[in-house]
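Step one of this worksheet: look at the structure below.
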Amino acid sequence: MVTRFTGNFTQQAALPQSALDAATTVLGHGRLHRYNLLPGEVGEVAALEEEFAAFTGARYCLAVASGGYALGAALRAVEVQPGDRVLTNAFTLAPVPGAIAAIGAVPVYVEVTEDLVIDLDHLAAMLDAEAGRAQGAKVLLLSHMRGHICDMDRLMRLCDDAMVTVIEDCAHTMGAAWRGVASGRHGAMGCYSTQTYKHINSGEGGLLVSDDPELMARAVIGSGSYMLYDRHRAAPPPEVYEKIRYDVPNVSGRMDALRAAILRPQLAELPDACEGWIARHAVIAGALRDSGLAHVPRRNPHAREIGSSIQFLPHAAAPEQIRELLCACAARGVELKWFGAEEPQGYTSRYDSWRYAPVPPLPRTDAVLARLCDMRIPLSFDLDACALIAAILVEELSRL
C-alpha cells in the first residue's frame, strides 16, 4: 500500500486566543484607523511598532499595509528616482522587482548560487560595472529569498566600498539573524511581511525598520501620516519631519488597528514559533541530505535561518523528470512548487517572466531554477507529519 500524506499545505496554524481577544476589543470600540484614538491612547499600531523595533533592535519602525508596500516605501525613502537602476537578486518573488518597477526604476538582476543566496562574486563584478556607468546603480534591494542569508559581512563591505545603499527584503527572515544581529538590521532599511504565509499572520501587512531618522521620517510621511506624524512613537523626533514634510509625496499605505491588534500577540510568541519551524525544517532537510538524491541549500554557520519552507534541487534531473516528481508527490498529498517552469505558476515565476525589466544572460541562475523545488512547512504539521513528508519525498526522488 502506498503511503499518502493528508495534511493541508495552505492551512496555517490557528491564531492564539490572545489575538482573537485583541481583535474583539478593537472591533468592539470601532477605532480601526491608526489615528482614530482617544486622548492619551497609544493605539494598537503604534504599540506594534514599538514592540517590533525592540524585537529587531531598531531605533524606528513603521507598520504598513503590505510587505510590497514596505519595499516601495523604502525605495522612495532612499530617493530612488524613475529611470534609476536598482540591483536585486535574480531569484526572488515578483513583488521585489515589482516594487522597483512600480516607481519607474529599472531592476538589474544579480546571479544566485546553488545555496539560493545572492552570488557575491557576481555582485562584486556588477558593482564594478555599475561604477563605470554614468547612471550606475546606487541601491541594492537584497532579497533574503526563502529565508536564505548570504555572508552579510562581505556583502556590506562590497556595497559600502561602492557607496551602494542596501535595503533588505526580510519577508522570509523575520526572527532570523546574522552573527546574532537581526535580519533587516544590516542595510539602511529592513522590510518585512505579515502576509498569511509569513512568520506572523495578518492576512496582509508589512513592517519597515531603520536607524536613520530622515529615511524613517520620509517613510512615515509617505505612508500617509499627513501632519499627524507626532502620533508615531517608534519614530524620529518632530524636528526631523520639519525639513522634509513639504517635499514627500503621500502614497497612503498605513496598517489598521485590527491587523496590528492580532499581530502583537503573535509577535510575543514568535521566538517559540521560530524554534518550531527550525525543528520541522531539520527533519525534512536531514532526510533529503541523508538520501544523497538532492542538494539542500547549505547554511552559513553564522546565519540563524527560520525554515518556514524548504527548497531542494534533485541531482541531474531534466525538466520532464521534475514535472514527474511534482505529479507523483501531489498524488501522495505532498504539494511541491517548481521555479523552473516556463510559465508562471501561482507564486512561482522566473526573472525572465517579469517582462517589465531587462532580461540579462544569467546562466548560473538558470541552472539553479531549472531544478529548484519548493515546499511550505506550516506549523500546523507536527514532527511526525514532517517525517512522513520526508519519506515520501525520498521515495519519489529515488524513482527519478
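Please note that chains go A, B, ... in the order of the C-alpha cells, that every chain numbers its residues from 1, and that ligands are numbered from 1 in the order shown.
Residues surrounding Ala77 of chain A within 10 Å are Leu71, Met189, Glu214, Leu215, Met216, Ala217, Arg218, Ala219, Val220, Ile221, Gly222 and Val248 of chain A [only C-alpha atoms; sequence separation below 6 positions excluded].
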Q. Near segment 320-329 of chain A, within 12 Å and counting only C-alpha atoms, which residues show up once chain neighbours fewer than 6 positions away are dropped, as an NGL selection string?
A. :A and (2-6 or 294 or 312-314 or 335-342 or 369-375 or 389-400)
(Q) Using only C-alpha atoms, can you tell me which of A:Thr10, A:Thr165, A:Ser225, A:Gln345 comes closest to Thr88 of chain A? (A) A:Thr165
Each residue of segment 255-297 of chain A with at least one atom at most 12 Å from segment 146-155 of chain A should appear once, together with its nearest atom pair and the corresponding distance in Å (one decimal); atoms considered: only C-alpha atoms; ordering: chain, then increasing residue number; output as CSV.
```
residue,atom,partner,partner_atom,distance
A:Cys274,CA,A:Gly147,CA,11.9
A:Trp277,CA,A:Gly147,CA,11.5
A:Ile278,CA,A:Gly147,CA,11.3
A:His281,CA,A:Gly147,CA,11.7
A:Val296,CA,A:His148,CA,11.5
A:Pro297,CA,A:His148,CA,8.3
```
Go ahead and write the selection's residues with C-alpha atoms as a compact mmCIF listing (two decimals), in the first residue's frame.
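Done, and the output landed in selection23.txt:
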```
# COMPACT_ATOMS: atom_id res chain seq x y z
CA CYS A 274 10.70 30.09 15.08
CA TRP A 277 9.96 25.92 12.15
CA ILE A 278 13.65 25.19 12.72
CA HIS A 281 12.85 22.03 8.63
CA VAL A 296 19.62 21.02 0.02
CA PRO A 297 20.99 24.59 0.31
```
(Q) Using Å and a single decimal, report how far atom CA of Ala303 of chain A sits from atom CA of Trp178 of chain A. (A)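 Between atom CA of Trp178 of chain A and atom CA of Ala303 of chain A the gap works out to 4.6 Å.
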Using only C-alpha atoms, find each residue of segment 96-210 of chain A with at least one atom at most 12 Å away from an atom of segment 305-310 of chain A; report its shortest atom-to-atom pair and that distance in Å (one decimal), sort the rows by chain and rising residue number, and return the result as CSV.
```
residue,atom,partner,partner_atom,distance
A:Asp115,CA,A:Ile310,CA,11.7
A:Leu116,CA,A:Ile310,CA,11.2
A:His144,CA,A:Glu305,CA,10.0
A:Met145,CA,A:Ser309,CA,10.6
A:Arg146,CA,A:Ser309,CA,6.8
A:Gly147,CA,A:Glu305,CA,6.1
A:His148,CA,A:Glu305,CA,6.6
A:Ile149,CA,A:Glu305,CA,7.2
A:Cys150,CA,A:Glu305,CA,10.6
A:Cys170,CA,A:Ile306,CA,11.2
A:Ala171,CA,A:Ser308,CA,11.2
A:His172,CA,A:Ile306,CA,7.9
A:Thr173,CA,A:Ile306,CA,6.4
A:Met174,CA,A:Ile306,CA,7.8
A:Gly175,CA,A:Ile306,CA,6.9
A:Ala176,CA,A:Glu305,CA,5.1
A:Ala177,CA,A:Glu305,CA,6.9
A:Trp178,CA,A:Glu305,CA,8.6
A:Arg179,CA,A:Glu305,CA,11.2
A:Gly180,CA,A:Glu305,CA,11.1
A:Val181,CA,A:Glu305,CA,12.0
A:Ala182,CA,A:Glu305,CA,10.5
A:Ser183,CA,A:Glu305,CA,9.3
A:Tyr197,CA,A:Ser308,CA,8.7
A:Lys198,CA,A:Ser308,CA,7.8
A:His199,CA,A:Ser308,CA,7.6
A:Ile200,CA,A:Ser308,CA,11.1
```
Q: Measuring atom to atom with only C-alpha atoms, identify which of A:Asp230, A:Asp256, A:Asp84, A:Asp352 is nearest to Asn36 of chain A.
A: A:Asp256
(Q) Neighbouring residues of segment 262-269 of chain A were defined as those with any atom within 8 Å, considering only C-alpha atoms; residues of the same chain fewer than 5 positions away were excluded. Please report them as a PyMOL selection string. (A) chain A and resi 15-16+18-20+22-23+48+51-52+200-202
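Counting only C-alpha atoms and comparing A:Leu142, A:Ala357, A:Leu258, A:Leu383, the residue that lies closest to Leu32 of chain A is A:Leu258.
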